[in-house]
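Structure data (compact mmCIF, C-alpha atoms and all ligand atoms) from run-v3.txt:
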```txt
# COMPACT_ATOMS: atom_id res chain seq x y z
CA ALA X 1 -201.62 179.41 -45.47
CA THR X 2 -204.29 181.72 -44.10
CA ILE X 3 -203.85 183.36 -40.71
CA GLU X 4 -206.40 180.97 -39.25
CA GLU X 5 -204.58 177.93 -40.64
CA ARG X 6 -201.29 179.21 -39.20
CA TYR X 7 -203.02 179.85 -35.88
CA ARG X 8 -204.45 176.31 -35.73
CA GLU X 9 -201.03 174.88 -36.52
CA MET X 10 -199.07 177.06 -34.09
CA PHE X 11 -201.47 176.57 -31.18
CA SER X 12 -202.53 172.97 -31.90
CA ASN X 13 -202.06 171.76 -28.32
CA SER X 14 -204.56 174.36 -27.09
CA VAL X 15 -207.46 172.63 -28.86
CA GLU X 16 -207.65 169.87 -26.25
CA TRP X 17 -207.62 172.42 -23.41
CA TYR X 18 -210.40 174.38 -25.02
CA GLU X 19 -212.46 171.21 -25.36
CA ARG X 20 -211.97 170.52 -21.65
CA GLY X 21 -212.70 174.14 -20.73
CA ARG X 22 -215.86 174.21 -22.79
CA SER X 23 -217.45 171.46 -20.72
CA LEU X 24 -216.50 173.29 -17.49
CA PHE X 25 -217.02 177.01 -18.04
CA ALA X 26 -219.95 178.98 -19.35
CA GLY X 27 -218.87 179.86 -22.86
CA GLY X 28 -215.65 177.89 -22.36
CA ILE X 29 -213.73 180.70 -20.65
CA THR X 30 -213.49 182.56 -17.33
CA HIS X 31 -213.29 186.18 -18.57
CA GLN X 32 -214.71 187.51 -21.82
CA THR X 33 -211.43 189.09 -22.92
CA ARG X 34 -209.69 185.70 -22.70
CA PHE X 35 -211.45 184.37 -25.75
CA THR X 36 -209.60 184.43 -29.05
CA SER X 37 -211.17 182.88 -32.11
CA PRO X 38 -211.16 180.10 -33.20
CA PHE X 39 -209.99 179.08 -29.70
CA PRO X 40 -207.79 180.68 -27.04
CA ALA X 41 -204.08 179.94 -26.78
CA TYR X 42 -203.71 178.23 -23.39
CA ILE X 43 -200.91 179.79 -21.40
CA ASP X 44 -198.70 177.64 -19.21
CA HIS X 45 -196.24 180.08 -17.64
CA ALA X 46 -194.81 183.57 -17.96
CA ASP X 47 -191.60 185.45 -17.28
CA GLY X 48 -190.59 189.09 -17.80
CA PRO X 49 -192.22 190.36 -21.03
CA TYR X 50 -193.05 186.84 -22.23
CA LYS X 51 -195.65 184.18 -21.75
CA TYR X 52 -195.46 180.60 -22.99
CA ASP X 53 -198.38 178.50 -24.15
CA VAL X 54 -198.92 174.72 -24.16
CA ASP X 55 -197.10 174.46 -27.52
CA ASP X 56 -194.18 176.27 -25.86
CA ASN X 57 -194.43 179.26 -28.18
CA GLN X 58 -192.75 182.33 -26.70
CA ILE X 59 -195.29 185.16 -26.90
CA ILE X 60 -194.44 188.79 -26.19
CA ASP X 61 -197.18 189.78 -23.78
CA TYR X 62 -199.02 193.10 -23.82
CA VAL X 63 -201.99 191.97 -21.75
CA MET X 64 -199.73 192.15 -18.72
CA GLY X 65 -202.21 190.71 -16.28
CA ASN X 66 -204.98 193.00 -17.60
CA GLY X 67 -202.76 195.90 -16.59
CA SER X 68 -201.70 194.63 -13.19
CA LEU X 69 -198.06 193.88 -14.07
CA LEU X 70 -196.23 197.18 -14.55
CA MET X 71 -192.92 195.37 -13.97
CA GLY X 72 -193.60 192.40 -16.23
CA HIS X 73 -194.20 188.82 -15.15
CA SER X 74 -192.49 187.33 -12.12
CA LYS X 75 -190.29 190.20 -11.01
CA PRO X 76 -187.83 188.44 -8.67
CA GLU X 77 -188.37 190.79 -5.69
CA ILE X 78 -192.15 190.30 -5.85
CA ILE X 79 -191.90 186.52 -6.23
CA GLU X 80 -189.50 186.35 -3.28
CA ALA X 81 -191.87 188.44 -1.12
CA VAL X 82 -194.80 186.18 -2.06
CA ARG X 83 -192.81 183.01 -1.43
CA GLU X 84 -191.58 184.20 1.94
CA GLN X 85 -195.01 185.32 3.13
CA ALA X 86 -196.74 182.15 1.88
CA GLY X 87 -194.49 180.20 4.24
CA ARG X 88 -195.48 182.42 7.16
CA GLY X 89 -199.24 182.25 6.70
CA THR X 90 -201.56 183.10 3.82
CA HIS X 91 -204.32 184.43 6.09
CA VAL X 92 -203.51 185.37 9.64
CA GLY X 93 -207.11 185.93 10.72
CA GLY X 94 -206.75 189.27 12.44
CA ALA X 95 -205.43 192.79 12.22
CA SER X 96 -201.96 192.38 10.82
CA THR X 97 -198.62 194.13 10.57
CA HIS X 98 -198.92 193.48 6.84
CA GLU X 99 -202.02 195.63 6.34
CA VAL X 100 -200.42 198.55 8.17
CA ARG X 101 -197.20 198.46 6.18
CA TYR X 102 -199.22 197.97 2.98
CA ALA X 103 -201.38 201.05 3.62
CA GLU X 104 -198.29 203.10 4.47
CA ALA X 105 -196.71 202.06 1.16
CA VAL X 106 -199.86 203.15 -0.71
CA LYS X 107 -200.20 206.47 1.11
CA ARG X 108 -196.55 207.31 0.54
CA LEU X 109 -197.31 207.46 -3.20
CA VAL X 110 -200.88 208.86 -3.10
CA PRO X 111 -201.07 211.70 -0.57
CA SER X 112 -204.82 212.41 -1.06
CA LEU X 113 -205.65 209.20 0.81
CA GLU X 114 -206.33 210.36 4.35
CA ARG X 115 -207.82 206.93 5.07
CA VAL X 116 -207.66 203.65 3.15
CA ARG X 117 -209.62 200.40 3.11
CA PHE X 118 -208.44 197.34 1.24
CA THR X 119 -210.79 195.30 -0.93
CA ALA X 120 -210.23 192.28 -3.16
CA SER X 121 -210.94 193.50 -6.72
CA GLY X 122 -211.43 196.70 -8.67
CA THR X 123 -215.13 195.91 -8.91
CA GLU X 124 -215.40 195.82 -5.12
CA SER X 125 -213.51 199.09 -4.83
CA THR X 126 -215.89 201.03 -7.10
CA TYR X 127 -218.89 199.38 -5.39
CA LEU X 128 -217.66 200.51 -1.99
CA ALA X 129 -216.75 204.02 -3.15
CA LEU X 130 -220.24 204.56 -4.55
CA ARG X 131 -221.85 203.25 -1.36
CA LEU X 132 -219.71 205.65 0.69
CA ALA X 133 -220.71 208.56 -1.51
CA ARG X 134 -224.42 207.76 -1.13
CA ALA X 135 -224.10 207.46 2.63
CA TYR X 136 -222.12 210.68 2.96
CA THR X 137 -224.42 212.81 0.83
CA GLY X 138 -227.71 211.07 1.70
CA LYS X 139 -228.40 211.01 -2.04
CA THR X 140 -229.12 208.09 -4.34
CA LYS X 141 -227.93 208.57 -7.89
CA ILE X 142 -224.53 208.39 -9.51
CA VAL X 143 -223.20 209.85 -12.73
CA LYS X 144 -220.88 207.75 -14.84
CA PHE X 145 -219.59 208.39 -18.33
CA HIS X 146 -220.54 206.80 -21.58
CA GLU X 147 -218.44 203.66 -22.19
CA HIS X 148 -216.44 204.08 -18.99
CA PHE X 149 -215.72 200.75 -17.34
CA HIS X 150 -215.57 200.37 -13.55
CA GLY X 151 -216.02 196.61 -13.11
CA TRP X 152 -219.11 194.44 -13.34
CA HIS X 153 -221.39 195.23 -10.37
CA ASP X 154 -224.91 196.47 -11.08
CA TYR X 155 -224.28 200.21 -10.61
CA VAL X 156 -221.51 200.49 -13.19
CA THR X 157 -222.71 198.04 -15.82
CA PRO X 158 -224.86 200.48 -17.86
CA GLU X 159 -223.16 201.75 -21.01
CA SER X 160 -219.84 200.22 -20.12
CA GLY X 161 -219.60 197.84 -23.06
CA GLN X 162 -221.20 195.07 -20.99
CA ALA X 163 -224.47 193.19 -21.29
CA LEU X 164 -227.28 194.13 -18.89
CA GLY X 165 -228.86 190.74 -18.18
CA GLY X 166 -229.86 190.40 -14.53
CA VAL X 167 -229.28 194.04 -13.60
CA PRO X 168 -232.43 195.32 -11.83
CA GLN X 169 -234.39 198.08 -13.50
CA GLU X 170 -234.52 199.91 -10.13
CA ILE X 171 -230.75 200.17 -10.10
CA LEU X 172 -230.55 201.31 -13.72
CA GLY X 173 -232.88 204.11 -12.65
CA THR X 174 -230.22 205.39 -10.23
CA VAL X 175 -227.42 205.61 -12.79
CA ILE X 176 -227.11 208.62 -15.08
CA VAL X 177 -224.81 208.12 -18.05
CA ALA X 178 -223.19 211.35 -19.24
CA PRO X 179 -221.15 212.25 -22.30
CA ALA X 180 -217.57 213.26 -21.51
CA ASP X 181 -218.47 216.91 -21.85
CA ILE X 182 -218.26 219.38 -18.98
CA ALA X 183 -221.23 221.50 -20.03
CA ALA X 184 -223.40 218.36 -20.20
CA VAL X 185 -222.28 217.23 -16.75
CA ASP X 186 -222.94 220.71 -15.40
CA ALA X 187 -226.47 220.58 -16.80
CA ILE X 188 -227.11 217.18 -15.23
CA LEU X 189 -225.81 218.24 -11.81
CA SER X 190 -227.83 221.45 -11.99
CA GLN X 191 -231.10 219.75 -12.84
CA ASP X 192 -231.00 216.76 -10.50
CA ASN X 193 -230.68 217.27 -6.78
CA ASP X 194 -230.35 213.59 -5.90
CA ILE X 195 -226.83 212.90 -7.21
CA ALA X 196 -224.27 211.49 -4.78
CA ALA X 197 -221.20 211.05 -6.95
CA VAL X 198 -219.49 211.32 -10.29
CA ILE X 199 -217.11 208.48 -11.14
CA VAL X 200 -214.62 208.67 -14.00
CA GLU X 201 -212.05 206.44 -15.68
CA CYS X 202 -209.11 208.83 -15.45
CA ASN X 203 -207.50 208.15 -18.83
CA GLY X 204 -210.82 207.81 -20.68
CA ALA X 205 -213.23 205.04 -21.58
CA HIS X 206 -211.86 201.48 -21.74
CA TYR X 207 -208.42 202.27 -20.32
CA GLY X 208 -207.97 205.17 -22.71
CA THR X 209 -209.30 203.67 -25.94
CA PHE X 210 -211.45 206.80 -26.11
CA PRO X 211 -209.28 209.28 -24.21
CA LEU X 212 -210.45 212.31 -22.28
CA GLN X 213 -209.01 215.72 -23.10
CA ASN X 214 -206.88 215.55 -20.00
CA PRO X 215 -205.77 217.01 -17.67
CA GLN X 216 -208.28 219.80 -18.32
CA PHE X 217 -211.31 217.52 -18.28
CA LEU X 218 -210.49 216.01 -14.89
CA GLN X 219 -209.66 219.43 -13.45
CA ASP X 220 -212.97 220.83 -14.69
CA LEU X 221 -214.79 217.82 -13.28
CA GLN X 222 -213.16 218.27 -9.91
CA ASP X 223 -214.14 221.95 -9.82
CA LEU X 224 -217.68 221.21 -10.97
CA THR X 225 -218.36 218.45 -8.45
CA LYS X 226 -217.03 220.63 -5.66
CA ARG X 227 -219.35 223.44 -6.72
CA HIS X 228 -222.36 221.11 -6.71
CA GLY X 229 -221.45 219.29 -3.48
CA VAL X 230 -221.13 215.96 -5.29
CA ILE X 231 -218.45 213.39 -4.43
CA PHE X 232 -215.69 213.18 -7.05
CA ILE X 233 -214.41 209.63 -7.48
CA MET X 234 -211.32 209.07 -9.58
CA ASP X 235 -211.23 205.44 -10.67
CA GLU X 236 -207.48 204.83 -10.78
CA VAL X 237 -207.74 201.06 -11.18
CA ILE X 238 -205.84 201.39 -14.47
CA THR X 239 -204.06 204.72 -14.05
CA GLY X 240 -202.99 204.30 -10.42
CA PHE X 241 -199.21 203.83 -10.02
CA ARG X 242 -198.96 203.87 -13.85
CA LEU X 243 -199.49 207.45 -15.09
CA SER X 244 -197.00 208.43 -12.40
CA PRO X 245 -195.89 206.69 -9.19
CA GLY X 246 -198.91 208.41 -7.58
CA GLY X 247 -201.25 207.84 -10.54
CA ALA X 248 -203.24 210.33 -12.62
CA GLN X 249 -203.98 212.54 -9.62
CA VAL X 250 -200.33 213.17 -8.72
CA ARG X 251 -199.32 213.54 -12.37
CA TRP X 252 -201.95 216.25 -12.89
CA GLY X 253 -202.17 217.77 -9.40
CA LEU X 254 -205.72 216.67 -8.63
CA GLU X 255 -207.34 215.90 -5.32
CA PRO X 256 -210.39 213.64 -5.62
CA ASP X 257 -212.70 213.02 -2.68
CA LEU X 258 -212.35 209.27 -3.17
CA THR X 259 -210.00 207.12 -5.23
CA THR X 260 -210.40 203.51 -6.31
CA MET X 261 -207.29 201.43 -6.96
CA ALA X 262 -206.55 197.85 -8.01
CA LYS X 263 -204.23 195.97 -10.39
CA ILE X 264 -200.71 197.42 -9.92
CA ILE X 265 -201.39 198.11 -6.23
CA ALA X 266 -201.45 194.38 -5.53
CA GLY X 267 -198.27 193.34 -7.36
CA GLY X 268 -200.08 190.75 -9.47
CA GLN X 269 -202.09 189.25 -6.61
CA PRO X 270 -205.84 189.81 -6.17
CA GLY X 271 -206.27 193.03 -4.27
CA SER X 272 -207.54 196.59 -4.39
CA ALA X 273 -208.35 199.60 -2.26
CA VAL X 274 -210.54 202.64 -1.72
CA GLY X 275 -209.16 205.75 -0.11
CA GLY X 276 -209.77 209.44 0.32
CA ARG X 277 -211.19 212.06 2.62
CA ALA X 278 -211.22 211.01 6.27
CA ASP X 279 -214.69 212.45 6.91
CA ILE X 280 -216.15 210.21 4.20
CA MET X 281 -214.08 207.11 4.92
CA GLU X 282 -214.73 207.28 8.66
CA LEU X 283 -218.39 206.49 7.95
CA MET X 284 -217.16 202.88 7.95
CA ALA X 285 -215.85 203.03 11.51
CA PHE X 286 -217.43 200.90 14.22
CA ARG X 287 -217.53 202.85 17.46
CA GLU X 288 -218.33 201.87 21.07
CA ASP X 289 -220.18 205.14 21.42
CA PRO X 290 -223.89 205.39 22.23
CA GLU X 291 -224.11 208.60 20.18
CA TRP X 292 -222.84 206.86 17.05
CA ASP X 293 -225.29 205.07 14.78
CA ASN X 294 -223.50 201.84 14.11
CA MET X 295 -226.45 200.54 12.13
CA GLY X 296 -226.28 203.58 9.85
CA ARG X 297 -222.57 203.28 9.18
CA VAL X 298 -221.22 201.99 5.88
CA ALA X 299 -220.60 198.25 5.93
CA GLN X 300 -217.68 196.55 4.27
CA GLY X 301 -216.73 192.89 4.58
CA GLY X 302 -214.21 190.84 2.67
CA THR X 303 -212.38 187.69 3.77
CA TYR X 304 -209.35 188.56 1.66
CA ASN X 305 -208.98 192.30 2.35
CA ALA X 306 -205.23 192.98 2.63
CA GLN X 307 -204.45 189.29 2.92
CA PRO X 308 -200.75 188.96 3.74
CA VAL X 309 -199.59 187.49 0.43
CA THR X 310 -201.28 190.32 -1.47
CA ALA X 311 -199.84 192.82 1.00
CA ALA X 312 -196.34 191.39 0.55
CA ALA X 313 -196.59 191.51 -3.25
CA GLY X 314 -198.13 194.98 -3.15
CA ILE X 315 -195.45 196.39 -0.86
CA ALA X 316 -192.69 194.93 -3.07
CA ALA X 317 -194.31 196.43 -6.18
CA LEU X 318 -194.90 199.84 -4.61
CA ASP X 319 -191.34 199.94 -3.21
CA ALA X 320 -189.99 199.28 -6.69
CA ILE X 321 -192.23 202.01 -8.12
CA ALA X 322 -191.02 204.44 -5.45
CA ASN X 323 -187.34 203.64 -5.90
CA GLU X 324 -186.48 202.11 -9.25
CA GLY X 325 -187.72 204.48 -11.95
CA ILE X 326 -190.17 201.83 -13.16
CA ASN X 327 -192.68 204.31 -14.59
CA ALA X 328 -190.13 206.27 -16.61
CA ARG X 329 -188.73 203.05 -18.05
CA ALA X 330 -192.17 201.66 -19.04
CA ASP X 331 -193.18 205.05 -20.49
CA ALA X 332 -190.01 205.24 -22.60
CA MET X 333 -190.54 201.73 -23.99
CA SER X 334 -194.15 202.61 -24.70
CA GLN X 335 -193.14 205.76 -26.56
CA ARG X 336 -190.72 203.72 -28.67
CA LEU X 337 -193.50 201.24 -29.46
CA LYS X 338 -195.95 204.01 -30.38
CA GLU X 339 -193.46 205.52 -32.82
CA GLY X 340 -192.71 202.08 -34.28
CA LEU X 341 -196.39 201.28 -34.80
CA ASN X 342 -197.08 204.62 -36.47
CA GLU X 343 -194.05 204.08 -38.69
CA ALA X 344 -195.36 200.60 -39.60
CA PHE X 345 -198.65 202.09 -40.77
CA ILE X 346 -196.76 204.49 -43.04
CA GLN X 347 -194.29 201.90 -44.37
CA ASN X 348 -197.10 199.49 -45.24
CA GLU X 349 -199.34 202.23 -46.60
CA VAL X 350 -202.13 201.11 -44.31
CA THR X 351 -204.55 203.67 -42.89
CA GLY X 352 -204.42 203.79 -39.12
CA HIS X 353 -202.60 205.20 -36.14
CA ALA X 354 -201.44 204.48 -32.62
CA HIS X 355 -202.07 206.84 -29.71
CA GLY X 356 -201.74 206.84 -25.97
CA ILE X 357 -199.98 208.31 -22.96
CA SER X 358 -197.78 206.72 -20.33
CA SER X 359 -197.51 202.95 -20.83
CA ILE X 360 -200.72 202.05 -22.69
CA ILE X 361 -200.90 202.37 -26.49
CA HIS X 362 -204.12 202.06 -28.49
CA VAL X 363 -204.27 201.12 -32.12
CA ASN X 364 -206.82 202.32 -34.58
CA LEU X 365 -206.65 200.24 -37.72
CA GLY X 366 -208.61 201.76 -40.60
CA ALA X 367 -208.90 205.41 -39.62
CA ASP X 368 -206.47 208.25 -39.24
CA CYS X 369 -206.89 211.64 -37.63
CA SER X 370 -204.99 214.78 -36.88
CA CYS X 371 -204.35 213.98 -33.23
CA ASP X 372 -200.98 214.48 -31.59
CA ARG X 373 -200.70 210.69 -31.01
CA ASP X 374 -200.90 211.28 -27.26
CA ILE X 375 -204.58 212.09 -26.85
CA CYS X 376 -206.70 211.07 -29.83
CA ASN X 377 -209.49 213.46 -30.75
CA MET X 378 -211.51 211.12 -32.95
CA PRO X 379 -215.14 210.76 -31.83
CA TYR X 380 -215.57 207.44 -30.05
CA GLN X 381 -218.35 206.30 -32.38
CA GLN X 382 -215.96 206.66 -35.29
CA ILE X 383 -213.30 204.68 -33.45
CA TYR X 384 -215.83 201.95 -32.72
CA ASP X 385 -217.09 201.94 -36.28
CA THR X 386 -213.60 201.50 -37.70
CA MET X 387 -212.60 198.87 -35.12
CA PRO X 388 -215.60 196.57 -34.68
CA ALA X 389 -215.12 193.37 -32.66
CA ALA X 390 -214.51 191.23 -35.76
CA LYS X 391 -211.57 193.43 -36.71
CA THR X 392 -209.97 193.49 -33.25
CA ARG X 393 -210.27 189.69 -33.15
CA ALA X 394 -208.61 189.43 -36.55
CA LEU X 395 -205.78 191.74 -35.52
CA ARG X 396 -205.22 189.89 -32.24
CA ARG X 397 -205.08 186.56 -34.07
CA ALA X 398 -202.67 187.90 -36.69
CA MET X 399 -200.43 189.30 -33.95
CA LEU X 400 -200.50 186.00 -32.04
CA VAL X 401 -199.41 184.14 -35.14
CA ASN X 402 -196.51 186.60 -35.26
CA GLY X 403 -195.67 186.00 -31.60
CA VAL X 404 -197.34 188.93 -29.82
CA ASP X 405 -200.47 189.10 -27.65
CA MET X 406 -202.34 192.41 -27.58
CA MET X 407 -204.89 193.49 -24.99
CA GLY X 408 -208.24 192.86 -26.64
CA GLY X 409 -206.76 193.25 -30.13
CA ARG X 410 -206.80 197.01 -29.58
CA ALA X 411 -204.07 197.95 -27.18
CA PHE X 412 -200.59 197.32 -25.87
CA ILE X 413 -200.04 197.44 -22.13
CA VAL X 414 -196.31 197.98 -21.76
CA SER X 415 -194.15 197.18 -18.73
CA SER X 416 -190.67 198.06 -17.55
CA ALA X 417 -189.64 194.48 -18.49
CA HIS X 418 -190.12 195.20 -22.20
CA ASP X 419 -186.69 196.29 -23.47
CA GLU X 420 -185.68 197.94 -26.76
CA ALA X 421 -185.12 194.62 -28.53
CA VAL X 422 -188.54 193.32 -27.45
CA ILE X 423 -190.22 196.52 -28.58
CA ASP X 424 -188.50 196.37 -31.97
CA ARG X 425 -189.56 192.73 -32.42
CA THR X 426 -193.10 193.83 -31.62
CA THR X 427 -192.99 196.56 -34.24
CA ALA X 428 -191.73 194.04 -36.80
CA ALA X 429 -194.53 191.62 -35.84
CA PHE X 430 -197.06 194.42 -36.22
CA SER X 431 -195.72 195.30 -39.65
CA GLN X 432 -195.90 191.64 -40.67
CA SER X 433 -199.46 191.40 -39.32
CA LEU X 434 -200.54 194.38 -41.42
CA LYS X 435 -199.14 192.56 -44.46
CA ASP X 436 -200.79 189.27 -43.47
CA LEU X 437 -204.16 190.94 -42.96
CA ARG X 438 -203.93 192.58 -46.37
CA ASP X 439 -203.13 189.34 -48.20
N1 LIG X 501 -212.14 200.09 -12.98
C1 LIG X 501 -211.38 200.13 -14.09
C2 LIG X 501 -211.01 201.45 -14.67
C3 LIG X 501 -210.99 198.94 -14.70
O1 LIG X 501 -210.27 198.97 -15.83
C4 LIG X 501 -211.33 197.71 -14.11
C5 LIG X 501 -210.90 196.43 -14.69
O2 LIG X 501 -210.34 196.32 -15.75
C6 LIG X 501 -212.13 197.72 -12.95
C7 LIG X 501 -212.50 198.93 -12.41
C8 LIG X 501 -212.57 196.45 -12.30
O3 LIG X 501 -211.48 195.81 -11.72
P1 LIG X 501 -211.51 194.22 -11.45
O4 LIG X 501 -211.40 193.55 -12.78
O5 LIG X 501 -210.32 193.99 -10.55
O6 LIG X 501 -212.79 193.92 -10.77
```

Kindly return the structure encoded in the file as structure tokens.
Amino acid sequence: ATIEERYREMFSNSVEWYERGRSLFAGGITHQTRFTSPFPAYIDHADGPYKYDVDDNQIIDYVMGNGSLLMGHSKPEIIEAVREQAGRGTHVGGASTHEVRYAEAVKRLVPSLERVRFTASGTESTYLALRLARAYTGKTKIVKFHEHFHGWHDYVTPESGQALGGVPQEILGTVIVAPADIAAVDAILSQDNDIAAVIVECNGAHYGTFPLQNPQFLQDLQDLTKRHGVIFIMDEVITGFRLSPGGAQVRWGLEPDLTTMAKIIAGGQPGSAVGGRADIMELMAFREDPEWDNMGRVAQGGTYNAQPVTAAAGIAALDAIANEGINARADAMSQRLKEGLNEAFIQNEVTGHAHGISSIIHVNLGADCSCDRDICNMPYQQIYDTMPAAKTRALRRAMLVNGVDMMGGRAFIVSSAHDEAVIDRTTAAFSQSLKDLRD
């Protein structure tokens, strides 16, 4: 049987759900990455490293809540915290003890955050950080990097791998897209005097698919922005609480002006935050002071900012990260997976390699390079050319048929719930998928 025939057989109960979804959702789905051809496998529940679909297949999961579940699905302490708080009020409609304890838990791990504000998604956090930077500097433009992804609001959509429909031309005119090259960024900041901020995905474009030469690149960027008086925003939505308990900045000794965080910070609930220098963040303060321009301050709303269930889940997750060696465990499992995948390429005599740091591994099927398998040095255009969308879809489908779900058919997001046996089953599934794709 072909891979597609096996897929249709294995996930046969999903067909009906896809039919129902198609009449409800634009394009049949609620997030572009959730589509798998010929139809998505509809997931019913999840536990630890596994998720289970409507045919009750056990699937080893490496999507891990799009990177929000560093401890796997349904960690008992987090579920208990959510359950307990849900019974005591899901929105208390006022300043709460929860938000204070939540912010303290965040600041304990990320010392650069002199002040914090909670938001409800990573997209909101980058939107707010950019608004703060414009208000603080009195300047309009932002610099982002080619292919770096910071959510889906207008200012970060250009050259992020997303379509541009509906984004105003006026806004596109305020966004400068730079190559990940310090000399080029220096030239841009030297020539244009209207730049408020530089925002960067700390592990490289698309959660490290195209890695930066770190930590040097981020250090150089921090020095450069300081020299030019431009706000340095580290987008730690992916790297925060993953690259180390305090994220990329603590791992590499950096001190950004502003940091954006989401995913792991909220323990699997919807939630996010912006934090950083007090003099910038305090532009949001409302003051009963005739000298203070309340109309000129930076506005932020958000019904669900630090809602108590998110706060409870976030605190439980951050406590575990602070106390349980979660990061080291996930990193070790990830390292084992990376070695297994690279071994599978060699055993099957298939050209390709796996690279990545911490607990995210990227696969390049069809091209090899001389990189150290931590930080790949292949030009991103070459990576794209060897892994076009059709190929990532084919790999994801082959892996699903063999019981494993990859993030976007390109990557593995590993958690501390993946143990040695699960990793070794994954490597075997990958080896089988390489064989299946060749046949
Ligand atoms: N920034 C980065 C680096 C991301 O990877 C993402 C999402 O994947 C976002 C921002 C946007 O976060 P959200 O999907 O919560 O809006």

Selected residue, from X:Ser14, X:Thr427, X:Ser96, X:Thr123, that lies nearest to ligand LIG 501 (chain X) when counting all atoms listed in the file: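 For ligand LIG 501 (chain X), the nearest of the candidates is X:Thr123.
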
Taking all atoms of ligand LIG 501 (chain X) that appear in the file, build a box with edges along x, y and z, extend it by 4 Å on every side, and state its centre and edge lengths in Å to one decimal, as AutoDock Vina command-line options.
```
--center_x -211.5 --center_y 197.5 --center_z -13.2 --size_x 10.5 --size_y 15.9 --size_z 13.3
```

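Picture a line from atom CA of Arg117 of chain X to atom CA of Val167 of chain X; it runs 26.6 Å.
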
Given the point (-199.5, 181.3, -24.2) in the file's coordinates, find the residues that have an atom at most 6 Å from it, counting all atoms listed in the file, and give them as number ranges by chain. X: 41-43, 51-53

Counting all atoms listed in the file, which residues have an atom no more than 7 Å from (-199.1, 204.2, -19.4) in the file's coordinates? Please list them as JSON, numbers by chain. {"X": [242, 243, 331, 357, 358, 359, 360]}

So, with only C-alpha atoms and all ligand atoms as the atoms that count, which of X:Glu19, X:Asp235, X:Asp154, X:Glu114 lies closest to ligand LIG 501 (chain X)?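 Going through X:Glu19, X:Asp235, X:Asp154, X:Glu114 one by one, the smallest distance to ligand LIG 501 (chain X) is for X:Asp235.
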
Which one of X:Gly67, X:Pro168, X:Pro158, X:Gly301 sits closest to ligand LIG 501 (chain X) if you count only C-alpha atoms and all ligand atoms? X:Gly67

Using only C-alpha atoms and all ligand atoms, determine which residues fall within 10 Å of ligand LIG 501 (chain X), then list them as a tab-separated table (two decimals) with C-alpha atoms, in the coordinates of the input.
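So the final result, stored in part_25.tsv, reads:
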```
chain	number	residue	atom	x	y	z
X	31	HIS	CA	-213.29	186.18	-18.57
X	65	GLY	CA	-202.21	190.71	-16.28
X	66	ASN	CA	-204.98	193.00	-17.60
X	67	GLY	CA	-202.76	195.90	-16.59
X	68	SER	CA	-201.70	194.63	-13.19
X	119	THR	CA	-210.79	195.30	-0.93
X	120	ALA	CA	-210.23	192.28	-3.16
X	121	SER	CA	-210.94	193.50	-6.72
X	122	GLY	CA	-211.43	196.70	-8.67
X	123	THR	CA	-215.13	195.91	-8.91
X	124	GLU	CA	-215.40	195.82	-5.12
X	125	SER	CA	-213.51	199.09	-4.83
X	126	THR	CA	-215.89	201.03	-7.10
X	127	TYR	CA	-218.89	199.38	-5.39
X	148	HIS	CA	-216.44	204.08	-18.99
X	149	PHE	CA	-215.72	200.75	-17.34
X	150	HIS	CA	-215.57	200.37	-13.55
X	151	GLY	CA	-216.02	196.61	-13.11
X	152	TRP	CA	-219.11	194.44	-13.34
X	153	HIS	CA	-221.39	195.23	-10.37
X	156	VAL	CA	-221.51	200.49	-13.19
X	199	ILE	CA	-217.11	208.48	-11.14
X	200	VAL	CA	-214.62	208.67	-14.00
X	201	GLU	CA	-212.05	206.44	-15.68
X	202	CYS	CA	-209.11	208.83	-15.45
X	203	ASN	CA	-207.50	208.15	-18.83
X	204	GLY	CA	-210.82	207.81	-20.68
X	205	ALA	CA	-213.23	205.04	-21.58
X	206	HIS	CA	-211.86	201.48	-21.74
X	207	TYR	CA	-208.42	202.27	-20.32
X	208	GLY	CA	-207.97	205.17	-22.71
X	234	MET	CA	-211.32	209.07	-9.58
X	235	ASP	CA	-211.23	205.44	-10.67
X	236	GLU	CA	-207.48	204.83	-10.78
X	237	VAL	CA	-207.74	201.06	-11.18
X	238	ILE	CA	-205.84	201.39	-14.47
X	239	THR	CA	-204.06	204.72	-14.05
X	240	GLY	CA	-202.99	204.30	-10.42
X	260	THR	CA	-210.40	203.51	-6.31
X	261	MET	CA	-207.29	201.43	-6.96
X	262	ALA	CA	-206.55	197.85	-8.01
X	263	LYS	CA	-204.23	195.97	-10.39
X	270	PRO	CA	-205.84	189.81	-6.17
X	271	GLY	CA	-206.27	193.03	-4.27
X	272	SER	CA	-207.54	196.59	-4.39
```

Calculated over only C-alpha atoms, which of the candidates X:Ser160, X:Gln213, X:Gln382, X:Asn327 has the smallest distance to Asp181 of chain X? X:Gln213
